[in-house]
file start-v8.txt (compact mmCIF, C-alpha atoms and all ligand atoms)
# COMPACT_ATOMS: atom_id res chain seq x y z
CA MET A 1 -5.50 364.24 141.40
CA PRO A 2 -9.02 363.12 142.01
CA ASP A 3 -10.35 363.71 145.48
CA LYS A 4 -9.58 360.37 147.05
CA SER A 5 -11.72 361.03 150.06
CA SER A 6 -14.75 361.15 147.83
CA THR A 7 -16.73 358.03 147.16
CA SER A 8 -18.36 359.44 144.06
CA THR A 9 -17.72 358.06 140.61
CA ALA A 10 -17.94 359.63 137.23
CA ASP A 11 -21.58 358.69 137.23
CA GLY A 12 -22.16 360.84 140.25
CA ASP A 13 -22.79 359.44 143.69
CA ARG A 14 -22.27 355.79 144.32
CA PRO A 15 -25.34 353.61 144.09
CA ASP A 16 -27.33 354.08 147.25
CA GLU A 17 -28.74 350.56 147.24
CA SER A 18 -25.46 349.23 148.64
CA THR A 19 -25.59 347.06 151.70
CA PRO A 20 -22.92 347.29 154.42
CA LEU A 21 -19.73 345.41 153.77
CA GLN A 22 -19.61 342.01 155.35
CA PHE A 23 -16.44 340.07 156.06
CA ASP A 24 -17.11 336.41 156.50
CA ASP A 25 -15.18 333.90 158.55
CA GLU A 26 -13.38 332.61 155.49
CA TRP A 27 -12.06 336.05 154.64
CA GLU A 28 -10.95 336.63 158.21
CA ALA A 29 -9.26 333.24 158.48
CA ARG A 30 -7.36 333.86 155.27
CA ALA A 31 -6.34 337.35 156.31
CA SER A 32 -5.29 336.08 159.70
CA GLU A 33 -3.18 333.36 158.15
CA ARG A 34 -1.37 335.85 155.96
CA LEU A 35 -0.77 338.36 158.69
CA SER A 36 0.34 335.82 161.25
CA GLU A 37 3.29 335.11 158.97
CA THR A 38 4.76 338.48 159.87
CA GLU A 39 5.98 339.92 163.14
CA PHE A 40 3.30 342.55 163.11
CA ASP A 41 -0.01 342.73 164.88
CA THR A 42 -2.46 340.45 163.11
CA GLU A 43 -5.59 341.77 164.77
CA LEU A 44 -4.64 345.34 163.98
CA GLY A 45 -4.06 344.43 160.36
CA ILE A 46 -7.45 342.77 160.08
CA GLU A 47 -9.26 345.67 161.68
CA LEU A 48 -7.43 348.19 159.51
CA ALA A 49 -8.24 346.19 156.39
CA LYS A 50 -11.91 346.01 157.26
CA ASP A 51 -12.19 349.64 158.21
CA ALA A 52 -10.22 350.90 155.22
CA GLN A 53 -12.68 349.11 152.97
CA ARG A 54 -15.51 350.67 154.94
CA VAL A 55 -13.93 354.06 154.37
CA VAL A 56 -13.76 353.64 150.61
CA ALA A 57 -17.31 352.25 150.64
CA GLY A 58 -18.47 355.42 152.37
CA GLU A 59 -19.43 353.66 155.59
CA LEU A 60 -16.76 355.23 157.79
CA SER A 61 -15.09 358.63 157.67
CA GLU A 62 -11.35 358.95 157.25
CA ARG A 63 -11.23 360.98 160.43
CA ALA A 64 -12.95 358.23 162.41
CA PHE A 65 -10.71 355.63 160.78
CA HIS A 66 -7.63 357.58 161.73
CA GLU A 67 -8.66 358.21 165.30
CA LYS A 68 -9.87 354.67 165.90
CA HIS A 69 -6.52 353.12 165.05
CA HIS A 70 -4.03 355.90 165.64
CA ASP A 71 -2.76 354.79 169.03
CA ALA A 72 -2.52 351.15 168.05
CA VAL A 73 -0.64 351.96 164.85
CA ARG A 74 1.79 354.18 166.73
CA ASP A 75 2.30 351.53 169.37
CA GLU A 76 2.99 348.86 166.80
CA PHE A 77 5.06 350.81 164.30
CA GLY A 78 6.33 353.78 166.27
CA GLU A 79 4.61 355.98 163.70
CA ASP A 80 1.28 356.45 162.03
CA ALA A 81 2.03 357.59 158.50
CA ARG A 82 -1.21 356.48 156.89
CA LEU A 83 -1.87 358.60 153.85
CA LEU A 84 -5.37 359.81 154.57
CA ASP A 85 -6.56 362.95 152.86
CA ALA A 86 -8.57 363.93 155.90
CA VAL A 87 -5.51 364.12 158.11
CA LEU A 88 -2.63 364.60 155.70
CA THR A 89 -2.82 368.35 155.50
CA GLU A 90 -2.83 368.93 159.22
CA ARG A 91 -0.16 366.29 159.68
CA GLU A 92 2.10 368.05 157.22
CA GLU A 93 1.64 371.28 159.11
CA SER A 94 2.49 369.71 162.42
CA ASP A 95 5.74 368.36 163.82
CA GLU A 96 4.39 364.89 163.37
CA GLY A 97 4.52 365.23 159.64
CA GLU A 98 8.09 366.39 159.31
CA GLY A 99 10.01 363.82 157.40
CA VAL A 100 7.71 360.98 158.28
CA ALA A 101 8.94 358.90 155.41
CA SER A 102 12.58 359.60 156.00
CA ARG A 103 12.31 358.89 159.71
CA VAL A 104 10.58 355.62 159.05
CA SER A 105 13.09 354.78 156.38
CA SER A 106 15.92 355.43 158.78
CA LEU A 107 14.55 352.70 160.98
CA PHE A 108 15.60 350.31 158.27
CA GLU A 109 18.96 351.53 157.17
CA ASP A 110 19.87 348.34 155.43
CA GLU A 111 18.19 345.24 154.13
CA SER A 112 19.11 343.14 157.13
CA SER A 113 17.24 345.60 159.36
CA ARG A 114 14.20 345.28 157.19
CA ARG A 115 14.45 341.53 157.19
CA GLU A 116 14.41 341.43 160.94
CA PHE A 117 10.84 342.61 160.72
CA VAL A 118 9.76 339.80 158.46
CA LYS A 119 9.12 336.21 159.32
CA LYS A 120 8.76 333.60 156.65
CA GLY A 121 5.61 331.58 156.44
CA GLY A 122 3.38 329.69 154.08
CA ALA A 123 1.51 331.13 151.18
CA ALA A 124 -2.12 330.64 150.47
CA GLY A 125 -4.20 331.23 147.41
CA MET A 126 -7.71 332.41 147.03
CA GLY A 127 -10.30 331.34 144.57
CA LEU A 128 -11.98 333.25 141.86
CA SER A 129 -14.97 333.86 144.06
CA MET A 130 -12.89 336.03 146.35
CA LEU A 131 -11.87 338.17 143.43
CA LEU A 132 -15.24 338.51 141.91
CA GLY A 133 -17.62 337.96 144.77
CA SER A 134 -18.36 341.22 146.41
CA PRO A 135 -19.61 341.33 149.99
CA ASP A 136 -21.78 344.15 148.80
CA ALA A 137 -24.56 342.83 146.64
CA GLY A 138 -25.63 346.25 145.45
CA SER A 139 -25.62 346.65 141.71
CA ALA A 140 -23.45 349.26 140.07
CA SER A 141 -23.96 351.08 136.87
CA THR A 142 -21.07 351.38 134.50
CA ALA A 143 -19.05 354.54 134.76
CA PRO A 144 -17.77 356.26 131.66
CA ALA A 145 -14.03 356.26 131.34
CA GLU A 146 -13.54 359.86 132.35
CA ASP A 147 -13.20 360.41 136.06
CA ALA A 148 -14.68 363.17 138.09
CA ASP A 149 -11.63 365.41 138.28
CA ALA A 150 -11.16 365.41 134.56
CA GLU A 151 -8.42 368.02 134.35
CA ASP A 152 -5.97 365.66 136.03
CA THR A 153 -4.17 362.84 134.31
CA ARG A 154 -5.39 359.47 135.41
CA LEU A 155 -3.50 356.59 133.87
CA GLY A 156 -5.50 353.43 133.55
CA MET A 157 -6.68 350.77 131.18
CA VAL A 158 -9.56 349.56 129.15
CA ILE A 159 -9.26 345.78 128.85
CA ASN A 160 -11.44 344.21 126.21
CA LEU A 161 -12.06 340.73 127.53
CA ASN A 162 -13.95 339.84 124.37
CA ASN A 163 -10.66 340.06 122.49
CA CYS A 164 -8.64 338.00 124.96
CA ASP A 165 -7.85 334.42 123.98
CA GLY A 166 -5.91 333.50 127.10
CA CYS A 167 -2.53 333.30 125.38
CA LEU A 168 -0.68 334.56 128.50
CA GLU A 169 1.73 336.62 126.40
CA CYS A 170 1.03 339.63 128.62
CA VAL A 171 1.88 337.56 131.70
CA THR A 172 5.22 336.39 130.38
CA ALA A 173 6.13 339.81 129.02
CA CYS A 174 5.41 341.46 132.37
CA LYS A 175 7.51 338.88 134.13
CA GLY A 176 10.33 339.31 131.68
CA LEU A 177 10.40 343.06 132.09
CA HIS A 178 10.08 343.27 135.83
CA GLY A 179 11.97 340.17 136.84
CA THR A 180 9.35 339.23 139.38
CA SER A 181 9.92 336.02 141.28
CA ARG A 182 8.40 332.60 140.97
CA GLY A 183 4.63 332.69 141.31
CA ALA A 184 4.26 336.46 141.32
CA HIS A 185 2.06 337.54 138.44
CA TRP A 186 1.52 341.26 138.46
CA ILE A 187 -0.87 340.66 135.60
CA TYR A 188 -2.88 337.50 135.96
CA VAL A 189 -5.09 335.96 133.28
CA MET A 190 -7.61 333.30 134.15
CA ALA A 191 -10.06 331.27 132.15
CA TYR A 192 -13.37 330.66 133.83
CA THR A 193 -16.79 329.24 133.32
CA ASP A 194 -19.92 330.73 134.71
CA PRO A 195 -23.31 329.07 134.99
CA ASP A 196 -24.82 332.22 133.52
CA LEU A 197 -22.65 332.06 130.43
CA GLU A 198 -22.57 329.58 127.63
CA HIS A 199 -18.92 329.76 126.72
CA GLU A 200 -15.51 330.04 128.33
CA ASN A 201 -14.44 333.51 129.33
CA PHE A 202 -11.24 335.16 130.39
CA PHE A 203 -10.55 337.67 133.10
CA VAL A 204 -7.40 339.77 133.21
CA ARG A 205 -6.40 341.14 136.60
CA THR A 206 -3.84 343.87 137.06
CA CYS A 207 -3.60 346.26 139.96
CA MET A 208 -6.59 348.52 139.40
CA HIS A 209 -4.65 351.61 140.50
CA CYS A 210 -7.69 352.64 142.50
CA ALA A 211 -8.35 356.33 143.01
CA ASN A 212 -9.75 355.45 146.42
CA ALA A 213 -7.34 352.70 147.36
CA PRO A 214 -7.80 350.85 150.66
CA CYS A 215 -4.26 349.50 150.35
CA GLU A 216 -2.94 353.04 150.69
CA LYS A 217 -5.14 353.85 153.65
CA VAL A 218 -3.85 350.97 155.76
CA CYS A 219 -0.15 351.37 155.12
CA PRO A 220 1.27 352.39 158.50
CA VAL A 221 4.52 353.79 157.12
CA GLY A 222 3.29 355.57 154.01
CA ALA A 223 5.03 353.22 151.59
CA ARG A 224 1.93 352.56 149.52
CA HIS A 225 1.04 355.84 147.87
CA THR A 226 -0.60 357.44 144.86
CA ARG A 227 1.61 359.32 142.47
CA GLU A 228 0.40 362.87 142.23
CA LYS A 229 1.10 363.42 138.55
CA ASP A 230 -0.89 360.55 137.10
CA GLY A 231 -2.67 358.56 139.79
CA LEU A 232 -0.43 355.49 139.71
CA VAL A 233 -0.59 353.58 142.99
CA LEU A 234 2.93 352.52 143.89
CA THR A 235 5.02 351.09 146.71
CA ASP A 236 8.15 352.81 147.95
CA TYR A 237 10.38 349.77 148.36
CA ASP A 238 12.79 351.68 150.57
CA ILE A 239 10.06 352.35 153.10
CA CYS A 240 7.93 349.20 152.92
CA ILE A 241 8.43 347.03 155.98
CA GLY A 242 6.41 344.08 154.73
CA CYS A 243 3.56 344.18 157.21
CA ARG A 244 1.23 342.89 154.50
CA TYR A 245 -1.67 345.03 155.62
CA CYS A 246 -2.09 346.27 152.04
CA MET A 247 -2.41 342.69 150.83
CA VAL A 248 -5.38 341.87 153.03
CA SER A 249 -7.08 345.20 152.41
CA CYS A 250 -7.02 344.89 148.61
CA PRO A 251 -10.24 343.38 147.26
CA TYR A 252 -8.54 342.38 144.02
CA GLY A 253 -5.71 340.18 145.23
CA ALA A 254 -3.15 342.30 143.41
CA ASN A 255 -0.30 342.17 145.93
CA TYR A 256 2.61 339.74 146.06
CA PHE A 257 4.90 339.58 149.00
CA GLN A 258 8.58 338.96 148.34
CA TRP A 259 9.84 336.05 150.37
CA GLY A 260 13.61 335.98 150.25
CA ASP A 261 15.77 337.60 147.66
CA PRO A 262 14.23 338.03 144.21
CA ASP A 263 14.87 335.24 141.73
CA SER A 264 16.40 337.71 139.31
CA PRO A 265 19.19 340.00 140.38
CA ARG A 266 18.24 343.63 140.25
CA GLN A 267 18.56 344.77 136.72
CA ASN A 268 17.96 347.84 134.72
CA ASP A 269 18.26 350.00 137.81
CA HIS A 270 17.46 353.10 135.87
CA PHE A 271 13.90 351.97 135.31
CA THR A 272 13.21 350.83 138.84
CA HIS A 273 13.14 354.41 140.10
CA ASP A 274 10.69 356.97 138.87
CA GLU A 275 11.39 360.63 138.19
CA ARG A 276 11.13 361.41 141.89
CA ASP A 277 14.01 358.95 142.37
CA VAL A 278 11.70 356.75 144.41
CA TRP A 279 12.34 353.01 144.09
CA VAL A 280 8.96 351.75 142.98
CA ASP A 281 9.49 349.15 140.29
CA GLY A 282 11.24 345.91 139.47
CA PRO A 283 11.36 342.90 141.77
CA PRO A 284 10.74 343.96 145.36
CA PRO A 285 13.56 343.43 147.81
CA ASN A 286 13.28 340.70 150.40
CA GLY A 287 10.42 341.44 152.74
CA ALA A 288 8.70 344.09 150.64
CA MET A 289 5.41 344.08 148.77
CA GLY A 290 5.15 344.13 145.00
CA LYS A 291 2.35 344.56 142.51
CA CYS A 292 1.62 345.82 139.02
CA THR A 293 2.99 349.32 138.51
CA PHE A 294 2.03 350.37 134.96
CA GLU A 295 5.73 351.14 134.35
CA PRO A 296 6.10 354.55 135.99
CA ALA A 297 9.61 355.12 134.63
CA TRP A 298 8.32 354.54 131.11
CA GLN A 299 5.55 357.05 131.74
CA ASP A 300 8.22 359.50 132.92
CA GLY A 301 10.05 359.13 129.61
CA GLN A 302 13.14 357.44 131.01
CA ALA A 303 12.95 354.70 128.39
CA GLY A 304 12.33 357.06 125.50
CA GLU A 305 9.31 358.82 124.10
CA LYS A 306 8.08 355.71 122.31
CA LEU A 307 7.29 353.99 125.57
CA VAL A 308 5.48 356.90 127.17
CA GLY A 309 1.81 356.01 127.32
CA THR A 310 2.17 352.27 126.97
CA THR A 311 2.87 349.26 129.17
CA MET A 312 4.64 345.99 128.62
CA CYS A 313 1.43 343.97 128.66
CA GLU A 314 -0.20 346.28 126.15
CA MET A 315 2.78 345.91 123.84
CA ALA A 316 2.74 342.13 124.21
CA CYS A 317 -0.93 341.66 123.46
CA GLN A 318 -1.50 340.83 119.82
CA ARG A 319 -5.27 340.71 120.25
CA ASP A 320 -5.94 344.37 120.91
CA ALA A 321 -7.28 343.52 124.36
CA ILE A 322 -5.25 345.98 126.46
CA HIS A 323 -5.53 349.73 126.01
CA PHE A 324 -3.50 351.97 128.31
CA GLY A 325 -3.63 355.72 128.66
CA ASP A 326 -5.17 358.72 130.36
CA LEU A 327 -8.73 357.90 131.31
CA ASN A 328 -9.43 361.61 131.62
CA ASP A 329 -8.43 362.33 128.03
CA PRO A 330 -11.28 361.67 125.61
CA GLU A 331 -8.75 361.22 122.82
CA SER A 332 -6.68 358.60 124.62
CA ASP A 333 -6.44 355.07 123.30
CA PRO A 334 -8.56 353.51 126.05
CA ASN A 335 -11.30 356.08 125.64
CA GLN A 336 -11.27 355.79 121.88
CA HIS A 337 -11.53 352.04 122.12
CA LEU A 338 -14.34 352.32 124.62
CA GLU A 339 -16.21 354.84 122.53
CA GLU A 340 -15.91 352.72 119.43
CA TYR A 341 -17.10 349.68 121.34
CA ARG A 342 -20.06 351.44 122.86
CA ALA A 343 -21.08 352.90 119.53
CA ASN A 344 -21.24 349.43 118.07
CA HIS A 345 -22.81 347.65 121.02
CA PRO A 346 -26.03 349.29 122.14
CA ASN A 347 -26.52 346.53 124.66
CA ASP A 348 -23.87 348.14 126.84
CA ARG A 349 -24.88 348.04 130.49
CA SER A 350 -24.34 351.78 130.87
CA GLU A 351 -27.53 352.12 128.87
CA PHE A 352 -29.23 348.93 129.99
CA GLU A 353 -28.59 348.35 133.66
CA ASP A 354 -30.79 345.26 133.73
CA ARG A 355 -28.80 343.63 131.01
CA ASN A 356 -29.07 339.99 130.23
CA PRO A 357 -26.01 338.42 131.88
CA ASP A 358 -24.99 336.73 128.65
CA THR A 359 -24.62 339.91 126.70
CA VAL A 360 -21.78 342.28 126.17
CA SER A 361 -21.11 344.89 128.80
CA THR A 362 -18.57 347.23 130.27
CA PHE A 363 -17.78 347.28 133.96
CA ARG A 364 -15.25 348.15 136.62
CA ALA A 365 -14.58 345.21 138.90
CA MET A 366 -16.27 345.55 142.26
CA GLU A 367 -16.98 349.18 141.58
CA GLU A 368 -19.69 349.12 144.21
CA ARG A 369 -17.01 348.95 146.89
CA GLY A 370 -16.06 352.53 146.19
CA THR A 371 -12.46 351.84 145.20
CA GLU A 372 -12.79 353.78 141.95
CA PRO A 373 -10.71 351.29 140.00
CA GLY A 374 -8.70 352.63 137.10
CA VAL A 375 -9.34 349.62 134.87
CA ILE A 376 -12.50 349.38 132.81
CA PHE A 377 -13.43 346.04 131.31
CA ILE A 378 -15.33 345.28 128.16
CA GLY A 379 -17.02 341.90 128.18
CA ASN A 380 -18.87 339.74 130.61
CA GLU A 381 -18.54 340.44 134.28
CA PRO A 382 -17.93 337.19 136.16
CA SER A 383 -20.60 336.33 138.68
CA VAL A 384 -19.94 335.00 142.16
CA HIS A 385 -20.59 331.56 140.70
CA ALA A 386 -17.71 331.80 138.24
CA GLU A 387 -15.18 329.00 138.49
CA GLN A 388 -11.68 329.02 137.17
CA VAL A 389 -10.84 326.36 134.60
CA GLU A 390 -7.69 325.45 132.76
CA GLY A 391 -7.18 327.80 129.85
CA PRO A 392 -6.04 327.01 126.32
CA VAL A 393 -2.51 327.95 127.37
CA THR A 394 -1.49 326.97 130.88
CA TYR A 395 1.01 328.68 133.12
CA GLU A 396 3.07 325.50 132.98
CA ASP A 397 3.06 325.71 129.18
CA LYS A 398 4.79 329.05 129.55
CA GLY A 399 7.23 327.83 132.14
CA LEU A 400 5.41 329.74 134.83
CA ILE A 401 4.12 328.72 138.21
CA ASP A 402 0.54 329.29 139.12
CA ASP A 403 1.00 329.18 142.86
CA ARG A 404 -2.64 329.05 143.69
CA LYS A 405 -2.21 325.34 143.18
CA SER A 406 -1.96 323.41 146.39
CA GLU A 407 1.11 321.45 145.40
CA ILE A 408 3.01 324.69 145.13
CA LEU A 409 1.62 326.02 148.37
CA ASP A 410 2.71 322.85 150.06
CA ASP A 411 6.25 323.72 149.14
CA GLY A 412 6.06 326.59 151.57
CA PRO A 413 7.63 329.93 151.13
CA ALA A 414 11.27 328.98 150.92
CA GLY A 415 12.89 331.47 148.67
CA ASP A 416 9.59 332.27 147.04
CA ASP A 417 7.27 335.13 146.87
CA ASP A 418 3.83 334.80 148.23
CA GLY A 419 0.96 334.46 145.85
CA GLY A 420 -1.46 337.29 146.18
CA GLU A 421 -5.07 336.55 146.60
CA LEU A 422 -5.17 334.99 143.20
CA ALA A 423 -1.81 333.72 142.15
S1 LIG B 501 -6.16 347.00 143.14
FE1 LIG B 501 -4.17 348.02 143.47
S2 LIG B 501 -4.70 350.15 144.09
FE2 LIG B 501 -6.58 348.92 144.30
S3 LIG B 501 -6.59 348.28 146.45
FE3 LIG B 501 -5.58 346.61 145.28
S4 LIG B 501 -3.38 347.05 145.34
FE4 LIG B 501 -4.48 348.92 145.99
S1 LIG B 502 3.50 345.66 153.18
FE1 LIG B 502 4.63 347.57 152.74
S2 LIG B 502 3.29 348.74 151.35
FE2 LIG B 502 2.02 347.12 152.28
S3 LIG B 502 1.02 348.14 154.05
FE3 LIG B 502 2.92 347.13 154.81
S4 LIG B 502 4.53 348.70 154.71
FE4 LIG B 502 2.79 349.42 153.44
S1 LIG B 503 -1.75 339.00 125.76
FE1 LIG B 503 -3.82 339.80 125.32
S2 LIG B 503 -4.95 338.04 124.46
FE2 LIG B 503 -3.12 337.20 125.49
S3 LIG B 503 -3.80 336.70 127.59
FE3 LIG B 503 -2.96 338.80 127.66
S4 LIG B 503 -4.74 340.16 127.36
FE4 LIG B 503 -5.37 338.08 126.70

call {"tool": "encode", "arguments": {"input": "start-v8.txt", "output": "structure tokens"}}
result
Amino acid sequence: MPDKSSTSTADGDRPDESTPLQFDDEWEARASERLSETEFDTELGIELAKDAQRVVAGELSERAFHEKHHDAVRDEFGEDARLLDAVLTEREESDEGEGVASRVSSLFEDESSRREFVKKGGAAGMGLSMLLGSPDAGSASTAPAEDADAEDTRLGMVINLNNCDGCLECVTACKGLHGTSRGAHWIYVMAYTDPDLEHENFFVRTCMHCANAPCEKVCPVGARHTREKDGLVLTDYDICIGCRYCMVSCPYGANYFQWGDPDSPRQNDHFTHDERDVWVDGPPPNGAMGKCTFEPAWQDGQAGEKLVGTTMCEMACQRDAIHFGDLNDPESDPNQHLEEYRANHPNDRSEFEDRNPDTVSTFRAMEERGTEPGVIFIGNEPSVHAEQVEGPVTYEDKGLIDDRKSEILDDGPAGDDDGGELA
């Protein structure tokens, strides 16, 4: 696995022109609203979310992060199982580390116990600017697909936004496979306009499966974790207590909280557990957090060799927009697609950092935050002025709910999952 404590990218060190992360009142109000809907400490969640993002941005050490919040996390959760590289090794060697996950899990022996820790509340959506507007205005050069620790497998995607026509087939296919509840879109496609661009664009948001994931650093019980074999960032549903700290720490709005029982009964149990027999996929149980998984059981071969190395959204896309595979393998589909693209588009920003905004480019979303996202985009990078518009195919057209819309939010959470930051 890549060294997650590092803030370097494949390009070398992160750009040094970065300015410190800023969290404005709007961000804090939104985070506070989300966290106040749970029984857990709102202030602690906000401070953890801020500091975890400072850690991945290289502004705070993991050790300092751990020490600053250790007592408060233990007081609130009876345990501090945050998966921090800087402390994990010594924790494992100490009594504290023995069976952390199993001890935490035993606190919630059944679903009703878990539910006691969760309080229903309203959902709120966030605009495109919160996805694409970075608090760090520093520019970032485009990293090549291969990551620093190239001998390890790192599953990720190259998404060619130039090929996307907003058909939403990937969205419906993902929903069909995973049985996620109303309003939860693990892959989310949005059409947008941008004053800097002449034509309508699309942005496709999955979980970025960050190599330096703030969502993992804040999780007090160790439910959010990175899979050692391939870098997938997953949630152990049996351990997750629904504190929602991961949701407010994720800059990409990739998390969806499960209010109530899932709309679809659990199905296809075999594929909801990965080869470690950890329950990480399918609709989250009541009170747990869900997000895009990249189909870990498929990658483990449980669904047959044909599905190893692909995802449902990639299979559904008829426009050759989604390319999934090992970013550290030069021969993988995403790298081959990227190489072909770059060979044919010399205006790539990796060669021309001062590119004209209305030209083709490749980028990792909010790379300057140090998250080391595992999704590389081809196409225009939305500016902070981008505004979402209705696409050629609407969510309603597909029988889906886009719960960023106020009329849906007004319905409250009853029986629904919470929209993440974007949906
Ligand atoms: S994009 Fe995914 S891995 Fe990255 S911080 Fe958000 S939830 Fe975590
Ligand atoms: S909601 Fe679940 S996965 Fe997210 S931080 Fe809380 S316990 Fe961890
Ligand atoms: S299926 Fe492909 S073309 Fe259609 S919205 Fe998804 S990524 Fe875009």

call {"tool": "residues_near_ligand", "arguments": {"input": "start-v8.txt", "ligand": "ligand LIG 503 (chain B)", "cutoff": "12 Å", "atoms": "only C-alpha atoms and all ligand atoms", "output": "PyMOL selection string"}}
result
chain A and resi 157-174+185-191+201-206+311-324+377-378+391-395+398

call {"tool": "residues_near_ligand", "arguments": {"input": "start-v8.txt", "ligand": "ligand LIG 501 (chain B)", "cutoff": "7 Å", "atoms": "all atoms listed in the file", "output": "tab-separated table (two decimals) with C-alpha atoms, keeping the file's coordinate frame"}}
result
chain	number	residue	atom	x	y	z
A	207	CYS	CA	-3.60	346.26	139.96
A	208	MET	CA	-6.59	348.52	139.40
A	209	HIS	CA	-4.65	351.61	140.50
A	210	CYS	CA	-7.69	352.64	142.50
A	213	ALA	CA	-7.34	352.70	147.36
A	214	PRO	CA	-7.80	350.85	150.66
A	215	CYS	CA	-4.26	349.50	150.35
A	216	GLU	CA	-2.94	353.04	150.69
A	233	VAL	CA	-0.59	353.58	142.99
A	246	CYS	CA	-2.09	346.27	152.04
A	249	SER	CA	-7.08	345.20	152.41
A	250	CYS	CA	-7.02	344.89	148.61
A	251	PRO	CA	-10.24	343.38	147.26
A	252	TYR	CA	-8.54	342.38	144.02
A	253	GLY	CA	-5.71	340.18	145.23
A	254	ALA	CA	-3.15	342.30	143.41
A	255	ASN	CA	-0.30	342.17	145.93
A	291	LYS	CA	2.35	344.56	142.51
A	371	THR	CA	-12.46	351.84	145.20
A	373	PRO	CA	-10.71	351.29	140.00

call {"tool": "atom_distance", "arguments": {"input": "start-v8.txt", "atom1": "CA of Lys229 (chain A)", "atom2": "CA of Arg276 (chain A)"}}
result
10.8 Å

call {"tool": "atom_distance", "arguments": {"input": "start-v8.txt", "atom1": "CA of Glu331 (chain A)", "atom2": "CA of Ala343 (chain A)"}}
result
15.2 Å

call {"tool": "atom_distance", "arguments": {"input": "start-v8.txt", "atom1": "CA of Ala303 (chain A)", "atom2": "CA of Ala184 (chain A)"}}
result
24.0 Å

call {"tool": "residues_near_ligand", "arguments": {"input": "start-v8.txt", "ligand": "ligand LIG 502 (chain B)", "cutoff": "7 Å", "atoms": "all atoms listed in the file", "output": "NGL selection string"}}
result
:A and (215 or 218-224 or 235 or 239-247 or 288-289)

call {"tool": "build_atoms", "arguments": {"input": "start-v8.txt", "residues": "region 366-377 of chain A", "atoms": "N, CA, C and O atoms", "output": "PDB file, in the frame of the given file"}}
result
ATOM      1  N   MET A 366     -15.880 345.222 140.898  1.00  0.00           N
ATOM      2  CA  MET A 366     -16.270 345.550 142.260  1.00  0.00           C
ATOM      3  C   MET A 366     -16.359 347.054 142.490  1.00  0.00           C
ATOM      4  O   MET A 366     -16.000 347.559 143.552  1.00  0.00           O
ATOM      5  N   GLU A 367     -16.850 347.724 141.499  1.00  0.00           N
ATOM      6  CA  GLU A 367     -16.980 349.180 141.580  1.00  0.00           C
ATOM      7  C   GLU A 367     -17.819 349.612 142.778  1.00  0.00           C
ATOM      8  O   GLU A 367     -17.598 350.675 143.361  1.00  0.00           O
ATOM      9  N   GLU A 368     -18.785 348.759 143.132  1.00  0.00           N
ATOM     10  CA  GLU A 368     -19.690 349.120 144.210  1.00  0.00           C
ATOM     11  C   GLU A 368     -18.988 349.268 145.556  1.00  0.00           C
ATOM     12  O   GLU A 368     -19.530 349.812 146.510  1.00  0.00           O
ATOM     13  N   ARG A 369     -17.753 348.798 145.632  1.00  0.00           N
ATOM     14  CA  ARG A 369     -17.010 348.950 146.890  1.00  0.00           C
ATOM     15  C   ARG A 369     -16.422 350.339 147.071  1.00  0.00           C
ATOM     16  O   ARG A 369     -15.846 350.638 148.109  1.00  0.00           O
ATOM     17  N   GLY A 370     -16.518 351.164 146.051  1.00  0.00           N
ATOM     18  CA  GLY A 370     -16.060 352.530 146.190  1.00  0.00           C
ATOM     19  C   GLY A 370     -14.580 352.732 145.936  1.00  0.00           C
ATOM     20  O   GLY A 370     -14.045 353.801 146.213  1.00  0.00           O
ATOM     21  N   THR A 371     -13.902 351.732 145.412  1.00  0.00           N
ATOM     22  CA  THR A 371     -12.460 351.840 145.200  1.00  0.00           C
ATOM     23  C   THR A 371     -12.086 352.714 144.010  1.00  0.00           C
ATOM     24  O   THR A 371     -10.938 353.102 143.877  1.00  0.00           O
ATOM     25  N   GLU A 372     -13.046 353.001 143.158  1.00  0.00           N
ATOM     26  CA  GLU A 372     -12.790 353.780 141.950  1.00  0.00           C
ATOM     27  C   GLU A 372     -11.640 353.189 141.141  1.00  0.00           C
ATOM     28  O   GLU A 372     -10.623 353.844 140.879  1.00  0.00           O
ATOM     29  N   PRO A 373     -11.807 351.959 140.729  1.00  0.00           N
ATOM     30  CA  PRO A 373     -10.710 351.290 140.000  1.00  0.00           C
ATOM     31  C   PRO A 373     -10.413 351.975 138.674  1.00  0.00           C
ATOM     32  O   PRO A 373     -11.303 352.472 137.996  1.00  0.00           O
ATOM     33  N   GLY A 374      -9.147 351.981 138.326  1.00  0.00           N
ATOM     34  CA  GLY A 374      -8.700 352.630 137.100  1.00  0.00           C
ATOM     35  C   GLY A 374      -8.591 351.677 135.926  1.00  0.00           C
ATOM     36  O   GLY A 374      -7.850 351.949 134.980  1.00  0.00           O
ATOM     37  N   VAL A 375      -9.282 350.563 135.997  1.00  0.00           N
ATOM     38  CA  VAL A 375      -9.340 349.620 134.870  1.00  0.00           C
ATOM     39  C   VAL A 375     -10.808 349.388 134.546  1.00  0.00           C
ATOM     40  O   VAL A 375     -11.614 349.075 135.435  1.00  0.00           O
ATOM     41  N   ILE A 376     -11.129 349.580 133.290  1.00  0.00           N
ATOM     42  CA  ILE A 376     -12.500 349.380 132.810  1.00  0.00           C
ATOM     43  C   ILE A 376     -12.476 348.161 131.883  1.00  0.00           C
ATOM     44  O   ILE A 376     -11.616 348.076 130.999  1.00  0.00           O
ATOM     45  N   PHE A 377     -13.387 347.253 132.110  1.00  0.00           N
ATOM     46  CA  PHE A 377     -13.430 346.040 131.310  1.00  0.00           C
ATOM     47  C   PHE A 377     -14.564 346.088 130.308  1.00  0.00           C
ATOM     48  O   PHE A 377     -15.650 346.597 130.601  1.00  0.00           O
TER      49      PHE A 377
END
